[in-house]
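Asker: Data file data_31.txt (compact mmCIF, C-alpha atoms and all ligand atoms) is appended below.
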# COMPACT_ATOMS: atom_id res chain seq x y z
CA MET A 6 8.47 -23.36 7.26
CA LYS A 7 5.68 -21.09 5.99
CA HIS A 8 5.41 -17.39 5.26
CA PHE A 9 2.50 -15.25 6.45
CA THR A 10 2.34 -12.26 4.15
CA ASP A 11 -1.22 -12.12 2.80
CA LEU A 12 -4.46 -13.86 3.84
CA LYS A 13 -5.19 -14.42 0.14
CA ASP A 14 -2.31 -16.94 -0.04
CA ILE A 15 -3.27 -19.05 2.98
CA SER A 16 -5.91 -21.76 2.90
CA SER A 17 -9.14 -21.37 4.87
CA LYS A 18 -8.26 -24.59 6.65
CA ASP A 19 -4.91 -23.28 7.89
CA LEU A 20 -6.42 -19.93 8.93
CA ARG A 21 -9.08 -21.78 10.92
CA LYS A 22 -6.39 -23.99 12.50
CA ILE A 23 -4.55 -20.86 13.65
CA LEU A 24 -7.71 -19.50 15.31
CA ILE A 25 -8.48 -22.80 17.03
CA ASP A 26 -4.95 -22.98 18.41
CA ALA A 27 -5.14 -19.35 19.60
CA LYS A 28 -8.39 -20.06 21.45
CA ILE A 29 -6.91 -23.08 23.25
CA ARG A 30 -3.69 -21.26 24.14
CA LYS A 31 -5.47 -18.14 25.34
CA LYS A 32 -7.67 -20.20 27.65
CA LYS A 33 -4.78 -22.29 28.98
CA ARG A 34 -2.66 -19.32 30.02
CA SER A 35 -5.39 -17.33 31.73
CA LYS A 36 -3.58 -17.68 35.06
CA LEU A 37 -0.05 -17.05 33.82
CA SER A 38 1.61 -13.68 34.21
CA ILE A 39 2.37 -11.74 31.06
CA LEU A 40 5.97 -12.79 30.41
CA LYS A 41 5.67 -16.37 31.62
CA PRO A 42 5.98 -18.79 28.70
CA ASP A 43 3.17 -21.23 27.93
CA ASN A 44 3.80 -24.58 29.65
CA ASP A 45 4.93 -26.29 26.44
CA ALA A 46 7.17 -23.34 25.36
CA PRO A 47 7.07 -24.56 21.74
CA LEU A 48 9.45 -21.90 20.39
CA LYS A 49 12.00 -22.18 23.17
CA ASP A 50 15.29 -20.51 22.23
CA LYS A 51 13.97 -19.22 18.88
CA LEU A 52 14.70 -15.64 17.82
CA LEU A 53 12.18 -13.47 16.01
CA ILE A 54 13.76 -10.45 14.31
CA GLN A 55 11.33 -7.54 13.91
CA MET A 56 11.94 -4.64 11.57
CA PHE A 57 9.87 -1.49 11.20
CA GLU A 58 10.08 1.00 8.36
CA LYS A 59 6.97 2.73 9.72
CA THR A 60 5.80 3.57 13.21
CA SER A 61 4.08 0.98 15.38
CA LEU A 62 2.91 0.51 18.95
CA ARG A 63 0.64 -2.55 18.98
CA THR A 64 2.37 -4.74 16.38
CA ARG A 65 5.76 -4.21 18.00
CA LEU A 66 4.58 -5.03 21.52
CA SER A 67 2.23 -7.86 20.62
CA PHE A 68 4.92 -9.71 18.66
CA TYR A 69 7.35 -9.17 21.53
CA LEU A 70 4.88 -10.78 23.93
CA ALA A 71 3.84 -13.47 21.46
CA ILE A 72 7.34 -14.88 20.94
CA LYS A 73 8.17 -14.52 24.66
CA GLN A 74 5.06 -16.48 25.64
CA LEU A 75 6.12 -19.23 23.24
CA GLY A 76 9.49 -19.45 24.99
CA GLY A 77 11.55 -17.47 22.46
CA GLY A 78 12.91 -13.96 22.21
CA THR A 79 12.96 -10.99 19.88
CA ILE A 80 15.12 -8.13 18.73
CA THR A 81 13.65 -5.07 17.06
CA LEU A 82 15.53 -3.30 14.29
CA ARG A 83 14.90 0.19 13.01
CA SER A 84 15.43 0.25 9.30
CA ASN A 85 17.22 3.63 9.38
CA GLU A 86 19.94 2.05 11.52
CA LEU A 87 20.64 -0.71 8.99
CA HIS A 88 22.91 -0.62 5.94
CA LEU A 89 19.88 -1.66 3.89
CA GLY A 90 17.89 1.30 5.16
CA LYS A 91 20.74 3.66 4.29
CA GLY A 92 21.07 2.10 0.85
CA SER A 93 24.54 0.64 1.37
CA GLU A 94 23.69 -3.08 1.50
CA SER A 95 21.51 -5.13 -0.77
CA LEU A 96 18.26 -6.66 0.35
CA GLU A 97 19.58 -10.06 -0.74
CA ASP A 98 22.62 -9.88 1.57
CA THR A 99 20.48 -8.48 4.39
CA ALA A 100 18.10 -11.41 3.99
CA LYS A 101 21.01 -13.84 4.14
CA ILE A 102 22.22 -12.33 7.42
CA LEU A 103 18.71 -12.28 8.93
CA SER A 104 18.42 -15.97 8.05
CA THR A 105 21.82 -16.70 9.59
CA TYR A 106 21.13 -15.02 12.94
CA GLY A 107 17.38 -15.40 13.34
CA ASP A 108 14.61 -17.95 13.11
CA GLY A 109 11.79 -15.69 11.88
CA PHE A 110 11.36 -12.17 10.48
CA MET A 111 8.45 -9.82 11.15
CA PHE A 112 8.47 -6.85 8.79
CA ARG A 113 6.46 -3.61 8.54
CA THR A 114 7.10 -1.74 5.34
CA ASP A 115 5.97 0.81 2.82
CA SER A 116 6.80 -1.52 -0.06
CA ASP A 117 5.01 -4.70 -1.10
CA LYS A 118 7.91 -5.35 -3.46
CA LYS A 119 10.27 -5.57 -0.49
CA VAL A 120 8.02 -8.16 1.15
CA ASP A 121 8.21 -10.23 -2.04
CA SER A 122 11.99 -9.82 -2.33
CA PHE A 123 12.56 -10.83 1.28
CA LYS A 124 10.32 -13.82 0.69
CA LYS A 125 12.54 -14.81 -2.21
CA HIS A 126 15.85 -14.41 -0.38
CA LEU A 127 15.09 -15.46 3.20
CA SER A 128 15.41 -19.02 4.35
CA ILE A 129 13.36 -18.26 7.46
CA PRO A 130 9.64 -17.35 7.58
CA ILE A 131 8.54 -13.77 7.00
CA ILE A 132 5.43 -12.25 8.56
CA ASN A 133 3.91 -9.12 7.07
CA GLY A 134 3.32 -6.71 9.95
CA LEU A 135 1.60 -4.19 7.61
CA SER A 136 2.37 -3.24 4.04
CA PRO A 137 0.59 -0.92 1.60
CA SER A 138 -1.58 -3.77 0.33
CA SER A 139 -2.43 -5.68 3.51
CA HIS A 140 -2.37 -6.05 7.27
CA PRO A 141 -2.99 -9.77 7.62
CA THR A 142 -2.04 -10.34 11.29
CA GLN A 143 -4.44 -7.58 12.33
CA VAL A 144 -7.41 -8.92 10.43
CA LEU A 145 -6.95 -12.57 11.36
CA SER A 146 -6.85 -11.47 14.97
CA ASP A 147 -9.98 -9.38 14.40
CA VAL A 148 -11.85 -12.44 13.14
CA PHE A 149 -10.84 -14.14 16.41
CA THR A 150 -12.14 -11.18 18.44
CA VAL A 151 -15.47 -11.12 16.60
CA GLU A 152 -16.04 -14.84 17.18
CA GLU A 153 -14.93 -14.62 20.81
CA ILE A 154 -17.40 -11.83 21.56
CA LYS A 155 -20.29 -13.04 19.42
CA LYS A 156 -19.76 -16.70 20.31
CA LYS A 157 -20.59 -17.80 16.78
CA PRO A 158 -18.76 -18.31 13.52
CA ILE A 159 -18.13 -15.08 11.67
CA SER A 160 -19.90 -16.62 8.66
CA ASP A 161 -23.19 -16.19 10.60
CA LEU A 162 -22.66 -12.45 11.02
CA ASN A 163 -23.09 -9.26 8.99
CA ILE A 164 -19.78 -7.42 8.88
CA THR A 165 -19.55 -3.77 7.85
CA TRP A 166 -16.56 -1.61 7.09
CA ILE A 167 -17.02 2.16 7.12
CA GLY A 168 -13.98 4.08 5.92
CA ASP A 169 -11.08 4.28 3.57
CA SER A 170 -10.15 1.45 1.20
CA ASN A 171 -6.75 0.64 2.63
CA ASN A 172 -4.51 -2.25 3.65
CA VAL A 173 -6.75 -3.30 6.54
CA LEU A 174 -9.81 -3.39 4.30
CA ASN A 175 -7.93 -5.42 1.67
CA SER A 176 -7.20 -8.03 4.32
CA LEU A 177 -10.81 -7.90 5.53
CA ILE A 178 -11.98 -8.58 1.98
CA ALA A 179 -9.57 -11.52 1.80
CA ALA A 180 -10.92 -12.76 5.15
CA SER A 181 -14.51 -12.47 3.90
CA VAL A 182 -13.61 -14.98 1.18
CA LYS A 183 -11.60 -17.29 3.42
CA PHE A 184 -14.19 -17.33 6.23
CA SER A 185 -17.30 -16.82 4.03
CA PHE A 186 -18.87 -13.84 5.73
CA LYS A 187 -21.06 -11.09 4.36
CA LEU A 188 -19.15 -7.84 3.95
CA ASN A 189 -20.70 -4.41 3.41
CA ILE A 190 -18.40 -1.51 2.67
CA GLY A 191 -19.43 2.11 3.17
CA CYS A 192 -17.13 4.70 1.56
CA PRO A 193 -17.24 7.66 -0.82
CA LYS A 194 -17.27 6.72 -4.50
CA LYS A 195 -13.73 8.03 -5.04
CA TYR A 196 -12.38 5.75 -2.28
CA GLU A 197 -13.81 2.38 -3.27
CA PRO A 198 -11.55 -0.70 -2.98
CA LYS A 199 -8.85 -1.17 -5.59
CA LYS A 200 -9.51 -3.24 -8.68
CA PHE A 201 -6.90 -5.91 -7.80
CA ILE A 202 -8.66 -6.94 -4.61
CA LEU A 203 -12.19 -6.75 -6.03
CA ASP A 204 -11.08 -8.80 -9.05
CA TRP A 205 -9.55 -11.38 -6.73
CA ALA A 206 -12.76 -11.57 -4.65
CA ARG A 207 -14.80 -11.89 -7.85
CA SER A 208 -12.53 -14.68 -9.06
CA LYS A 209 -13.53 -16.53 -5.88
CA ASN A 210 -17.23 -15.89 -6.65
CA LYS A 211 -17.51 -13.50 -3.74
CA LYS A 212 -19.90 -10.59 -3.84
CA ILE A 213 -18.70 -7.58 -1.85
CA HIS A 214 -21.46 -5.05 -1.17
CA ILE A 215 -20.26 -1.47 -1.68
CA PHE A 216 -22.39 1.52 -0.67
CA ASN A 217 -21.56 5.18 -1.05
CA ASN A 218 -23.87 5.77 1.87
CA ALA A 219 -22.77 4.95 5.40
CA LYS A 220 -26.27 4.24 6.75
CA LYS A 221 -27.04 1.70 4.04
CA ALA A 222 -23.74 -0.05 4.74
CA ALA A 223 -24.39 -0.10 8.50
CA LEU A 224 -27.93 -1.46 8.25
CA ASN A 225 -28.32 -4.64 10.36
CA ALA A 226 -24.59 -4.91 11.02
CA ASP A 227 -23.37 -7.21 13.78
CA VAL A 228 -19.93 -5.64 13.60
CA ILE A 229 -18.78 -2.24 12.34
CA PHE A 230 -15.10 -1.88 11.54
CA SER A 231 -13.28 1.32 10.82
CA ASP A 232 -9.75 2.69 10.47
CA LYS A 233 -8.07 6.05 10.04
CA VAL A 234 -9.04 8.00 6.93
CA ILE A 235 -5.39 9.01 6.62
CA SER A 236 -3.11 5.99 6.82
CA LEU A 237 0.59 6.06 7.75
CA ASN A 238 2.59 7.80 5.03
CA ASP A 239 -0.63 8.47 3.03
CA LYS A 240 0.51 11.01 0.45
CA VAL A 241 -2.74 12.92 0.02
CA ASN A 242 -4.10 16.33 0.78
CA LYS A 243 -5.29 15.45 4.27
CA LYS A 244 -7.78 18.28 4.59
CA ILE A 245 -9.51 17.42 1.32
CA LYS A 246 -9.60 13.69 2.02
CA LEU A 247 -11.08 14.23 5.48
CA LYS A 248 -13.72 16.46 3.92
CA HIS A 249 -14.65 13.71 1.45
CA PHE A 250 -15.31 11.41 4.41
CA LYS A 251 -17.46 13.84 6.40
CA ASP A 252 -20.63 11.74 5.88
CA PHE A 253 -18.86 8.54 6.93
CA LYS A 254 -18.22 9.33 10.57
CA ILE A 255 -19.12 6.59 13.02
CA ASP A 256 -21.43 8.31 15.47
CA LYS A 257 -24.34 7.22 17.64
CA ASN A 258 -26.81 7.93 14.85
CA LEU A 259 -24.95 5.66 12.43
CA ILE A 260 -24.68 2.90 15.04
CA SER A 261 -28.48 3.04 15.48
CA TYR A 262 -28.83 1.56 11.96
CA ALA A 263 -26.88 -1.53 13.03
CA LYS A 264 -28.20 -4.36 15.23
CA LYS A 265 -28.73 -3.45 18.86
CA ASN A 266 -25.80 -5.51 20.11
CA CYS A 267 -23.50 -4.43 17.28
CA ILE A 268 -19.85 -4.17 18.24
CA PHE A 269 -17.41 -1.51 17.02
CA LEU A 270 -13.82 -2.48 16.16
CA HIS A 271 -10.87 -0.35 15.10
CA CYS A 272 -7.28 -1.53 14.63
CA LEU A 273 -5.95 1.76 16.08
CA PRO A 274 -4.50 4.31 16.13
CA ARG A 275 -7.73 6.25 15.62
CA GLY A 276 -8.44 9.60 14.03
CA SER A 277 -11.57 11.70 13.63
CA GLU A 278 -13.51 8.93 11.81
CA VAL A 279 -15.12 7.77 15.07
CA GLU A 280 -16.99 9.88 17.56
CA GLU A 281 -15.58 9.78 21.10
CA LYS A 282 -18.97 8.65 22.44
CA VAL A 283 -18.98 5.57 20.21
CA PHE A 284 -15.31 4.83 20.83
CA LYS A 285 -15.89 4.80 24.58
CA SER A 286 -19.32 3.13 24.48
CA SER A 287 -20.10 -0.44 25.51
CA ASN A 288 -20.35 -1.31 21.80
CA SER A 289 -16.66 -0.61 21.40
CA LYS A 290 -14.35 -3.60 21.93
CA VAL A 291 -11.14 -2.04 20.73
CA TRP A 292 -9.03 -2.85 23.81
CA LEU A 293 -9.86 -6.55 23.71
CA GLN A 294 -9.21 -6.38 19.96
CA ALA A 295 -5.71 -5.03 20.62
CA LEU A 296 -4.98 -7.61 23.33
CA ASN A 297 -6.04 -10.52 21.13
CA ARG A 298 -3.27 -9.73 18.68
CA VAL A 299 -0.84 -11.34 21.13
CA HIS A 300 -2.84 -14.57 21.24
CA VAL A 301 -3.45 -14.90 17.52
CA GLN A 302 0.09 -13.92 16.55
CA LYS A 303 1.41 -16.72 18.76
CA SER A 304 -0.50 -19.21 16.64
CA ILE A 305 0.61 -17.42 13.46
CA LEU A 306 4.21 -17.88 14.62
CA LEU A 307 3.57 -21.57 15.27
CA TYR A 308 2.06 -21.91 11.79
CA CYS A 309 5.16 -20.29 10.29
CA PHE A 310 7.52 -22.50 12.27
CA GLY A 311 5.59 -25.66 11.30
CA LYS A 312 4.54 -26.24 14.90
CA LEU A 313 0.81 -25.76 14.77
CA ARG A 314 -1.04 -28.66 16.36
N1 LIG R 401 -3.06 -1.75 14.64
C1 LIG R 401 -1.72 -1.66 14.50
O1 LIG R 401 -1.11 -2.33 13.68
O2 LIG R 401 -1.16 -0.78 15.37
P1 LIG R 401 0.35 -0.26 15.33
O3 LIG R 401 0.47 0.59 14.08
O4 LIG R 401 0.50 0.54 16.58
O5 LIG R 401 1.26 -1.43 15.27
N1 LIG R 402 -4.41 1.64 7.62
C1 LIG R 402 -3.54 2.03 8.68
C2 LIG R 402 -3.39 0.92 9.68
C3 LIG R 402 -2.54 1.27 10.86
C4 LIG R 402 -2.37 0.15 11.81
C5 LIG R 402 -2.20 2.42 8.11
O1 LIG R 402 -1.71 1.79 7.16
O2 LIG R 402 -1.63 3.39 8.60
Produce structure tokens that represent the structure in this file.
Answerer:
Amino acid sequence: MKHFTDLKDISSKDLRKILIDAKIRKKKRSKLSILKPDNDAPLKDKLLIQMFEKTSLRTRLSFYLAIKQLGGGTITLRSNELHLGKGSESLEDTAKILSTYGDGFMFRTDSDKKVDSFKKHLSIPIINGLSPSSHPTQVLSDVFTVEEIKKKPISDLNITWIGDSNNVLNSLIAASVKFSFKLNIGCPKKYEPKKFILDWARSKNKKIHIFNNAKKAALNADVIFSDKVISLNDKVNKKIKLKHFKDFKIDKNLISYAKKNCIFLHCLPRGSEVEEKVFKSSNSKVWLQALNRVHVQKSILLYCFGKLR
């Protein structure tokens, strides 16, 4: 059994194995209808328990489909309906019950500490479905999408992030180390990545290129990533923060600094950081990006259950 809580903790070899498996599985099931399990149904009769302390559309649905297509099933809990959420049961006892009834636990939370505590007390694998410090399932899936579209290893490409330094970017930085790709970040000075993630990248001898100028960051990019300026439960003055990002909007002019066939990716939901024209342009691959979460999360589940080929 293995946990999947942060790309930083998983070897490059295992991450690559997950992507290879996802590619094979995606190809094999191209003719199967959405709920039909893969022919080998490797997680037959397994139960994935999902719990959300924050809103979600994609993560919820893609994990539902992922476990179904592996032959298993899922139940989704809302934290405010649990004793734990109401403060009348300990996390330790909750973890014990989750481990008694379920085979895996997918958790979206506002607390990295809770992820660590569950990890300590669960005897089943935990998958981080977004926490303040990372969004690992999203970014691993995004690496898959980039390689699927570009038909080359991500290490051969220039990757740019324009936007806030948030959980998704932390995971992208981790991915840039694990998959050895060049990463440019464009953000206002005040919103540069946190010290803990830059120190970690530095400890791996990785240079992350940070620009306080969006055009410089976008120059020659093969891929431009972005995300909402205001993340879920972001406790900031929204108006002021949005103002700080006014020169970091992804519009046609900014895209013209990237390579001609540059693709635009966004984990969604989106805000005002991307112009409608870019979002709906042929550069934008956001719908395929969302779909691929199903395929990659299947292989993440297999990794966690010790069933990856
Ligand atoms: N990208 C993503 O995680 O979307 P949801 O918040 O809808 O799950
Ligand atoms: N950074 C965003 C990602 C949403 C999927 C957030 O944390 O809200």
Asker: Quick one: distance from atom CA of Phe269 of chain A to atom CA of Lys233 of chain A in Å, one decimal?
Answerer: 13.9 Å
Asker: Please determine, counting only C-alpha atoms and all ligand atoms, which residue among A:Leu48, A:Leu270, A:Val228, A:Ile129 has the shortest atom-to-atom distance to ligand LIG 401 (chain R).
Answerer: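 Among A:Leu48, A:Leu270, A:Val228, A:Ile129, it is A:Leu270 that comes nearest to ligand LIG 401 (chain R).
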Asker: Quick one: residues within 6 Å of ligand LIG 402 (chain R), with only C-alpha atoms and all ligand atoms, as an mmCIF file with C-alpha atoms, in the frame of the given file?
Answerer:
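Contents of result_16.cif, as written:
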data_model
loop_
_atom_site.group_PDB
_atom_site.id
_atom_site.type_symbol
_atom_site.label_atom_id
_atom_site.label_comp_id
_atom_site.auth_asym_id
_atom_site.auth_seq_id
_atom_site.Cartn_x
_atom_site.Cartn_y
_atom_site.Cartn_z
ATOM 1 C CA ASN A 171 -6.750 0.640 2.630
ATOM 2 C CA ASN A 172 -4.510 -2.250 3.650
ATOM 3 C CA VAL A 173 -6.750 -3.300 6.540
ATOM 4 C CA SER A 236 -3.110 5.990 6.820
ATOM 5 C CA LEU A 237 0.590 6.060 7.750
ATOM 6 C CA CYS A 272 -7.280 -1.530 14.630
ATOM 7 C CA LEU A 273 -5.950 1.760 16.080
#
Asker: I'd like a table as a tab-separated table: residues in chain A with an atom no more than 7 Å from ligand LIG 401 (chain R), each row giving the shortest atom pair and its distance in Å to one decimal, all atoms listed in the file counted, sorted by chain and rising residue number.
Answerer:
residue	atom	partner	partner_atom	distance
A:Thr60	CA	R:LIG401	O3	6.2
A:Ser61	CA	R:LIG401	O5	3.7
A:Leu62	CA	R:LIG401	O4	3.4
A:Arg63	CA	R:LIG401	O4	3.9
A:Thr64	CA	R:LIG401	O5	3.7
A:Arg65	CA	R:LIG401	O5	6.0
A:Leu135	CA	R:LIG401	O1	6.9
A:Gln143	CA	R:LIG401	O1	6.4
A:Cys272	CA	R:LIG401	N1	4.2
A:Leu273	CA	R:LIG401	N1	4.8
A:Pro274	CA	R:LIG401	O2	6.1
Asker: Find the spatial neighbours of Gly90 of chain A, counting all atoms listed in the file, within a cut-off of 12 Å - ignore same-chain residues fewer than 3 positions away - and output them as a PyMOL selection string.
Answerer: chain A and resi 56-59+82-87+93-96+99+114+119
Asker: If we count only C-alpha atoms, what is near Ser104 of chain A at a cut-off of 12 Å, once residues fewer than 6 positions away on the same chain are taken out, given as a ChimeraX atom specification?
Answerer: /A:52-54,97-98,110,123-131
Asker: In terms of the shortest atom-to-atom distance over all atoms listed in the file, which of A:Cys192, A:Ala223, A:Val291, A:Ala46 is closest to Asp252 of chain A?
Answerer: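 Among the listed residues, the smallest separation from Asp252 of chain A belongs to A:Cys192.
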Asker: Which of these residues is nearest to Tyr196 of chain A, using all atoms listed in the file: A:Lys51, A:Phe253, A:Leu162, A:Lys209?
Answerer: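 Comparing A:Lys51, A:Phe253, A:Leu162, A:Lys209 against Tyr196 of chain A, the winner is A:Phe253.
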Asker: Which distance in Å separates atom CA of Tyr308 of chain A and atom CA of Thr79 of chain A, to one decimal?
Answerer: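 These atoms are spaced 17.4 Å apart.
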Asker: Quick one: axis-aligned box around all listed atoms of segment 119-127 of chain A, 4 Å on every side, centre and edge lengths in Å to one decimal, written as lines of an AutoDock Vina configuration file.
Answerer:
center_x = 11.9
center_y = -10.5
center_z = 0.4
size_x = 15.8
size_y = 17.9
size_z = 13.5
Asker: Place all heavy atoms on segment 93-102 of chain A and deliver the coordinates as a PDB file, in the frame of the given file.
Answerer:
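Saved as out.pdb:
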ATOM      1  N   SER A  93      23.175   1.097   1.629  1.00  0.00           N
ATOM      2  CA  SER A  93      24.540   0.640   1.370  1.00  0.00           C
ATOM      3  C   SER A  93      24.703  -0.882   1.506  1.00  0.00           C
ATOM      4  O   SER A  93      25.813  -1.384   1.581  1.00  0.00           O
ATOM      5  CB  SER A  93      25.529   1.362   2.293  1.00  0.00           C
ATOM      6  OG  SER A  93      25.118   1.210   3.623  1.00  0.00           O
ATOM      7  N   GLU A  94      23.601  -1.609   1.559  1.00  0.00           N
ATOM      8  CA  GLU A  94      23.690  -3.080   1.500  1.00  0.00           C
ATOM      9  C   GLU A  94      22.456  -3.586   0.769  1.00  0.00           C
ATOM     10  O   GLU A  94      21.356  -3.018   0.923  1.00  0.00           O
ATOM     11  CB  GLU A  94      23.766  -3.699   2.908  1.00  0.00           C
ATOM     12  CG  GLU A  94      23.995  -5.202   2.868  1.00  0.00           C
ATOM     13  CD  GLU A  94      24.484  -5.790   4.192  1.00  0.00           C
ATOM     14  OE1 GLU A  94      24.036  -5.311   5.244  1.00  0.00           O
ATOM     15  OE2 GLU A  94      25.303  -6.727   4.153  1.00  0.00           O
ATOM     16  N   SER A  95      22.645  -4.641   0.011  1.00  0.00           N
ATOM     17  CA  SER A  95      21.510  -5.130  -0.770  1.00  0.00           C
ATOM     18  C   SER A  95      20.510  -5.853   0.131  1.00  0.00           C
ATOM     19  O   SER A  95      20.849  -6.339   1.216  1.00  0.00           O
ATOM     20  CB  SER A  95      21.995  -6.095  -1.853  1.00  0.00           C
ATOM     21  OG  SER A  95      22.446  -7.296  -1.238  1.00  0.00           O
ATOM     22  N   LEU A  96      19.298  -5.935  -0.385  1.00  0.00           N
ATOM     23  CA  LEU A  96      18.260  -6.660   0.350  1.00  0.00           C
ATOM     24  C   LEU A  96      18.625  -8.156   0.411  1.00  0.00           C
ATOM     25  O   LEU A  96      18.420  -8.813   1.425  1.00  0.00           O
ATOM     26  CB  LEU A  96      16.923  -6.446  -0.359  1.00  0.00           C
ATOM     27  CG  LEU A  96      15.705  -6.995   0.357  1.00  0.00           C
ATOM     28  CD1 LEU A  96      14.504  -6.090   0.130  1.00  0.00           C
ATOM     29  CD2 LEU A  96      15.381  -8.395  -0.089  1.00  0.00           C
ATOM     30  N   GLU A  97      19.217  -8.636  -0.681  1.00  0.00           N
ATOM     31  CA  GLU A  97      19.580 -10.060  -0.740  1.00  0.00           C
ATOM     32  C   GLU A  97      20.574 -10.418   0.371  1.00  0.00           C
ATOM     33  O   GLU A  97      20.405 -11.409   1.082  1.00  0.00           O
ATOM     34  CB  GLU A  97      20.159 -10.379  -2.124  1.00  0.00           C
ATOM     35  CG  GLU A  97      20.398 -11.843  -2.314  1.00  0.00           C
ATOM     36  CD  GLU A  97      20.844 -12.180  -3.722  1.00  0.00           C
ATOM     37  OE1 GLU A  97      20.737 -11.331  -4.622  1.00  0.00           O
ATOM     38  OE2 GLU A  97      21.322 -13.310  -3.911  1.00  0.00           O
ATOM     39  N   ASP A  98      21.626  -9.595   0.522  1.00  0.00           N
ATOM     40  CA  ASP A  98      22.620  -9.880   1.570  1.00  0.00           C
ATOM     41  C   ASP A  98      22.016  -9.708   2.956  1.00  0.00           C
ATOM     42  O   ASP A  98      22.317 -10.468   3.882  1.00  0.00           O
ATOM     43  CB  ASP A  98      23.844  -8.956   1.419  1.00  0.00           C
ATOM     44  CG  ASP A  98      24.668  -9.297   0.177  1.00  0.00           C
ATOM     45  OD1 ASP A  98      24.257 -10.220  -0.565  1.00  0.00           O
ATOM     46  OD2 ASP A  98      25.692  -8.637  -0.055  1.00  0.00           O
ATOM     47  N   THR A  99      21.153  -8.694   3.097  1.00  0.00           N
ATOM     48  CA  THR A  99      20.480  -8.480   4.390  1.00  0.00           C
ATOM     49  C   THR A  99      19.660  -9.715   4.752  1.00  0.00           C
ATOM     50  O   THR A  99      19.709 -10.204   5.890  1.00  0.00           O
ATOM     51  CB  THR A  99      19.574  -7.231   4.325  1.00  0.00           C
ATOM     52  OG1 THR A  99      20.365  -6.125   3.900  1.00  0.00           O
ATOM     53  CG2 THR A  99      18.947  -6.918   5.670  1.00  0.00           C
ATOM     54  N   ALA A 100      18.942 -10.234   3.756  1.00  0.00           N
ATOM     55  CA  ALA A 100      18.100 -11.410   3.990  1.00  0.00           C
ATOM     56  C   ALA A 100      18.945 -12.609   4.417  1.00  0.00           C
ATOM     57  O   ALA A 100      18.559 -13.394   5.287  1.00  0.00           O
ATOM     58  CB  ALA A 100      17.313 -11.738   2.728  1.00  0.00           C
ATOM     59  N   LYS A 101      20.110 -12.722   3.817  1.00  0.00           N
ATOM     60  CA  LYS A 101      21.010 -13.840   4.140  1.00  0.00           C
ATOM     61  C   LYS A 101      21.447 -13.742   5.611  1.00  0.00           C
ATOM     62  O   LYS A 101      21.464 -14.737   6.337  1.00  0.00           O
ATOM     63  CB  LYS A 101      22.226 -13.761   3.196  1.00  0.00           C
ATOM     64  CG  LYS A 101      23.233 -14.833   3.382  1.00  0.00           C
ATOM     65  CD  LYS A 101      22.786 -16.154   2.786  1.00  0.00           C
ATOM     66  CE  LYS A 101      23.744 -17.258   3.185  1.00  0.00           C
ATOM     67  NZ  LYS A 101      23.180 -18.588   3.082  1.00  0.00           N
ATOM     68  N   ILE A 102      21.783 -12.527   6.033  1.00  0.00           N
ATOM     69  CA  ILE A 102      22.220 -12.330   7.420  1.00  0.00           C
ATOM     70  C   ILE A 102      21.058 -12.571   8.400  1.00  0.00           C
ATOM     71  O   ILE A 102      21.225 -13.227   9.434  1.00  0.00           O
ATOM     72  CB  ILE A 102      22.821 -10.913   7.595  1.00  0.00           C
ATOM     73  CG1 ILE A 102      24.121 -10.784   6.787  1.00  0.00           C
ATOM     74  CG2 ILE A 102      23.065 -10.568   9.065  1.00  0.00           C
ATOM     75  CD1 ILE A 102      25.216 -11.774   7.179  1.00  0.00           C
TER      76      ILE A 102
END
